[in-house]
Every structure is written in structure tokens, then in C-alpha cells.
Amino acid sequence: MKKLILVRHGESEWNKMNLFTGWTDVDLTYLGQCEAYMAGRLLKDEGFRPTMCYTSFLKRAVKTLNQILDAMDMDYLPVEKSWRLNEKSYGALQGKNKAETLQKYGEEKLMAWRRSYDVQPPALDITDKRDPRNDPRYDAVSDAELPHTEALCDTIARLMPYYEGTILKAFETNDEVLVVAHGNSLRGIVKTIKGISDKEIVGLNIPTAVPYIFEFDDQLNFKKDYYLGNQEEIEKKINGVKNQANKK
């Protein structure tokens, strides 16, 4: 049996402030660090032993992975970072408050920007200092591949070559693989594995720092998925993500 462990990063500073984050590189809050460490303890207590790890270029995911591995006493594990696991680019919305955006544009447009499959938020201007082309960590990535904004379908398009060619390929020599990334990049992976429709993906909300386990047979046929932990508490966290736009 093969197991894929997906974990969304712990609470970030901009999660706490209810701001659109996207590719902005914000840190974890103290709560986010604690969430990540507890996720690692839970994985250890439940007997999980990943042997390969993947994460994004963004520090909130990288530091979440570090906390998980520390809690598991597995800091030695190999880790590969890729920009393809980055969060969806929210374009010009990055740094804006979600509740204020709701008031300005209305629920229908806000939900389309946040959760729809094929609607892009307003794009960054090419001269905007937030453009990833101004960030040296992306120097090796072609300008054509770096987004000014993304819908979920765009995030999936740049993620899938890495997921299929690197993460899934890792199962040739590993039985358990750990991926720590972001709400929308993980939504893309889940959508692909479970065959969720473009319409239904709008309703999928992934909580912070809760291990999400996918089990496959040896031929990588999907068998089942489940969250680790107290299910009532996990449901509260999922509803918290769902209702972010109403948070002041």
C-alpha cells in the first residue's frame, strides 16, 4: 500500500489578518507553528513514516514542513522544493482584506475569485513590485510561466507536470510521501485524485495543518482518503476556511 500525506501550511500572519496571500511570502503565526508541530506529533503517534518530502518556495509551507519533521524526529528526510507547489496567485487581490473585498464586490464575484475553477482574480500590473519576476527565487523560471494572476485551472495546469512527473514517480522507491503546500495547490491535487468536477471543487475547503491521507494500492489506484485527528475539531476548521470572507 502507498500513502500520500497532504498538509496545508499552518496559520500564516495574513491568514490571521484575513488577507489574500497568494504568492506573497508571509510567515507563520505562533499558532501556525504550534499547529504544524502538533500535525507532526499526530503523524508520529499514528505510525506514519514518510521517506520523501515536497514543499513550495513559500516560507509558510517550508516552515510548516520543518515543524512537522521536527515533531516526528525525522529532520533528516530529503526535501525537494518547487515553485509549482506554490499557492494560487491572487494577482492584484494579494494583500487585500477578504471581508472588505466582499463588501466592495459582492459575494458572487468574491467566491468566483476565491473558489471557482476558471475565473481569474484581477491581474497584477507588469510593473507591480509584487510581480514574481522581481523575486530572485524565480530567476530559473521563464517569464512566460510566472503568473500575474491564476484561476484554479491555471494552478492545476502548472502543478500537474510536477505532481505526475515527480511526486507520483517518488512512489517507485517510497511507500509514504509527504507534501506540504497550500489550500489551492492541494485542492488541485485532491481534485485530480478524486475526480472532483469543476463545479463541485468550489465546495472543497482544506483546513490548516491537518494531515490529509490518501491511500493507493501498489499500482497507484486510489482507495480511500481521510483526515487525521478529532473529526469535530477538523470540521470546525473547515468551516472556518469556508467563512473567511465574513471574518472581520
# chains A, B, ... in the order shown; residues from 1 in each chain; ligands from 1
>>> residues_around(residues="His148 in chain A", least_positions_apart="3", cutoff="12 Å", atoms="only C-alpha atoms", output="PyMOL selection string")
chain A and resi 22-23+88-94+120-134+143-145+151+154-155
>>> select_by_dssp(residues="range 63-243 of chain A", states="alpha helix (DSSP H)", output="PyMOL selection string")
chain A and resi 63-71+98-105+107-115+152-162+183-194+231-242
>>> closest_atom_pairs(of="range 150-206 of chain A", to="range 113-118 of chain A", cutoff="8 Å", atoms="only C-alpha atoms", output="JSON lines")
{"residue": "A:Ala151", "atom": "CA", "partner": "A:Asp118", "partner_atom": "CA", "distance": 5.1}
{"residue": "A:Leu152", "atom": "CA", "partner": "A:Tyr117", "partner_atom": "CA", "distance": 4.9}
{"residue": "A:Cys153", "atom": "CA", "partner": "A:Tyr117", "partner_atom": "CA", "distance": 5.5}
{"residue": "A:Asp154", "atom": "CA", "partner": "A:Asp118", "partner_atom": "CA", "distance": 7.8}
{"residue": "A:Asp198", "atom": "CA", "partner": "A:Tyr117", "partner_atom": "CA", "distance": 5.7}
{"residue": "A:Lys199", "atom": "CA", "partner": "A:Tyr117", "partner_atom": "CA", "distance": 7.3}
{"residue": "A:Ile201", "atom": "CA", "partner": "A:Tyr117", "partner_atom": "CA", "distance": 7.1}
{"residue": "A:Val202", "atom": "CA", "partner": "A:Arg115", "partner_atom": "CA", "distance": 4.9}
{"residue": "A:Gly203", "atom": "CA", "partner": "A:Arg115", "partner_atom": "CA", "distance": 7.7}
>>> write_last_selection(atoms="N, CA and C atoms", output="PDB file, in the first residue's frame")
ATOM      1  N   ALA A 151      -6.578  31.412 -12.077  1.00  0.00           N
ATOM      2  CA  ALA A 151      -7.739  30.646 -11.637  1.00  0.00           C
ATOM      3  C   ALA A 151      -7.223  29.292 -11.166  1.00  0.00           C
ATOM      4  N   LEU A 152      -8.076  28.516 -10.509  1.00  0.00           N
ATOM      5  CA  LEU A 152      -7.644  27.200 -10.044  1.00  0.00           C
ATOM      6  C   LEU A 152      -7.181  26.335 -11.213  1.00  0.00           C
ATOM      7  N   CYS A 153      -7.828  26.450 -12.362  1.00  0.00           N
ATOM      8  CA  CYS A 153      -7.414  25.640 -13.513  1.00  0.00           C
ATOM      9  C   CYS A 153      -5.989  25.970 -13.931  1.00  0.00           C
ATOM     10  N   ASP A 154      -5.570  27.229 -13.777  1.00  0.00           N
ATOM     11  CA  ASP A 154      -4.199  27.622 -14.103  1.00  0.00           C
ATOM     12  C   ASP A 154      -3.218  27.030 -13.094  1.00  0.00           C
ATOM     13  N   ASP A 198     -15.462  20.248 -11.983  1.00  0.00           N
ATOM     14  CA  ASP A 198     -15.139  21.668 -11.920  1.00  0.00           C
ATOM     15  C   ASP A 198     -16.142  22.415 -11.045  1.00  0.00           C
ATOM     16  N   LYS A 199     -17.393  22.004 -11.085  1.00  0.00           N
ATOM     17  CA  LYS A 199     -18.439  22.659 -10.298  1.00  0.00           C
ATOM     18  C   LYS A 199     -18.318  22.318  -8.817  1.00  0.00           C
ATOM     19  N   ILE A 201     -15.699  21.416  -7.092  1.00  0.00           N
ATOM     20  CA  ILE A 201     -14.461  21.811  -6.423  1.00  0.00           C
ATOM     21  C   ILE A 201     -14.642  23.117  -5.652  1.00  0.00           C
ATOM     22  N   VAL A 202     -15.648  23.906  -6.031  1.00  0.00           N
ATOM     23  CA  VAL A 202     -15.932  25.166  -5.325  1.00  0.00           C
ATOM     24  C   VAL A 202     -16.184  24.905  -3.843  1.00  0.00           C
ATOM     25  N   GLY A 203     -16.768  23.754  -3.510  1.00  0.00           N
ATOM     26  CA  GLY A 203     -17.142  23.464  -2.136  1.00  0.00           C
ATOM     27  C   GLY A 203     -16.060  22.796  -1.307  1.00  0.00           C
TER      28      GLY A 203
END
>>> residues_around(residues="Leu58 in chain A", least_positions_apart="2", cutoff="9 Å", atoms="only C-alpha atoms", output="list in words")
Trp23, Thr24, Asp25, Val26, Asp27, Thr55, Ser56, Arg60, Ala61, Val62, Lys63, Trp83, Asn86, Glu87 and Ala181 of chain A
>>> closest_residue(among="A:Asn184, A:Leu6, A:Glu164, A:Leu69", to="Tyr226 in chain A", atoms="only C-alpha atoms")
A:Leu6
>>> select_by_dssp(residues="range 35-236 of chain A", states="strand (DSSP E)", output="list in words")
Met52, Cys53, Tyr54, Thr55, Val79, Glu80, Lys81, Glu176, Val177, Leu178, Val179, Val180, Ala181, Tyr212, Ile213, Phe214, Glu215, Phe216, Phe222, Lys223, Lys224, Asp225, Tyr226 and Tyr227 of chain A
>>> closest_residue(among="A:Gln67, A:Thr51, A:Ser82, A:Thr166", to="Lys2 in chain A", atoms="only C-alpha atoms")
A:Thr51
>>> atom_distance(atom1="CA of Lys98 in chain A", atom2="CA of Gly10 in chain A")
18.6 Å
>>> closest_residue(among="A:Phe57, A:Asn15, A:Arg158, A:Asn243", to="Tyr138 in chain A", atoms="only C-alpha atoms")
A:Phe57
>>> residues_around(residues="range 28-44 of chain A", least_positions_apart="4", cutoff="7 Å", atoms="only C-alpha atoms", output="JSON, numbers by chain")
{"A": [10, 11, 12, 13, 48, 60, 64, 67, 68, 69, 71, 72, 209, 210, 211]}
>>> write_last_selection(atoms="N, CA and C atoms", output="mmCIF file, in the first residue's frame")
data_model
loop_
_atom_site.group_PDB
_atom_site.id
_atom_site.type_symbol
_atom_site.label_atom_id
_atom_site.label_comp_id
_atom_site.auth_asym_id
_atom_site.auth_seq_id
_atom_site.Cartn_x
_atom_site.Cartn_y
_atom_site.Cartn_z
ATOM 1 N N GLY A 10 0.375 25.743 8.320
ATOM 2 C CA GLY A 10 -0.306 26.290 9.491
ATOM 3 C C GLY A 10 -0.727 27.731 9.276
ATOM 4 N N GLU A 11 -1.460 28.265 10.235
ATOM 5 C CA GLU A 11 -1.952 29.642 10.121
ATOM 6 C C GLU A 11 -0.800 30.603 9.840
ATOM 7 N N SER A 12 -0.969 31.433 8.814
ATOM 8 C CA SER A 12 0.030 32.448 8.488
ATOM 9 C C SER A 12 -0.396 33.802 9.050
ATOM 10 N N GLU A 13 0.523 34.749 9.029
ATOM 11 C CA GLU A 13 0.220 36.091 9.519
ATOM 12 C C GLU A 13 -0.931 36.716 8.739
ATOM 13 N N PHE A 48 2.899 6.938 11.042
ATOM 14 C CA PHE A 48 3.302 7.303 9.684
ATOM 15 C C PHE A 48 4.812 7.523 9.631
ATOM 16 N N ARG A 60 5.836 29.883 4.571
ATOM 17 C CA ARG A 60 4.803 29.337 5.450
ATOM 18 C C ARG A 60 4.659 27.830 5.271
ATOM 19 N N THR A 64 6.267 25.028 7.980
ATOM 20 C CA THR A 64 5.328 24.002 8.443
ATOM 21 C C THR A 64 5.953 22.619 8.303
ATOM 22 N N GLN A 67 8.546 22.070 11.002
ATOM 23 C CA GLN A 67 7.948 21.773 12.307
ATOM 24 C C GLN A 67 7.432 20.329 12.360
ATOM 25 N N ILE A 68 6.822 19.888 11.276
ATOM 26 C CA ILE A 68 6.312 18.511 11.223
ATOM 27 C C ILE A 68 7.455 17.518 11.377
ATOM 28 N N LEU A 69 8.522 17.713 10.619
ATOM 29 C CA LEU A 69 9.649 16.787 10.682
ATOM 30 C C LEU A 69 10.328 16.823 12.042
ATOM 31 N N ALA A 71 8.834 17.430 14.905
ATOM 32 C CA ALA A 71 7.951 16.704 15.824
ATOM 33 C C ALA A 71 8.037 15.196 15.623
ATOM 34 N N MET A 72 8.337 14.780 14.406
ATOM 35 C CA MET A 72 8.432 13.346 14.096
ATOM 36 C C MET A 72 9.832 12.785 14.340
ATOM 37 N N ALA A 209 -2.977 22.772 8.534
ATOM 38 C CA ALA A 209 -2.160 21.872 9.363
ATOM 39 C C ALA A 209 -2.909 20.646 9.878
ATOM 40 N N VAL A 210 -3.763 20.080 9.031
ATOM 41 C CA VAL A 210 -4.430 18.817 9.359
ATOM 42 C C VAL A 210 -3.976 17.776 8.337
ATOM 43 N N PRO A 211 -3.300 16.710 8.751
ATOM 44 C CA PRO A 211 -2.855 15.699 7.789
ATOM 45 C C PRO A 211 -4.038 15.063 7.049
#
>>> closest_residue(among="A:Gly195, A:Thr101, A:Ile5, A:Glu108", to="Tyr212 in chain A", atoms="only C-alpha atoms")
A:Ile5
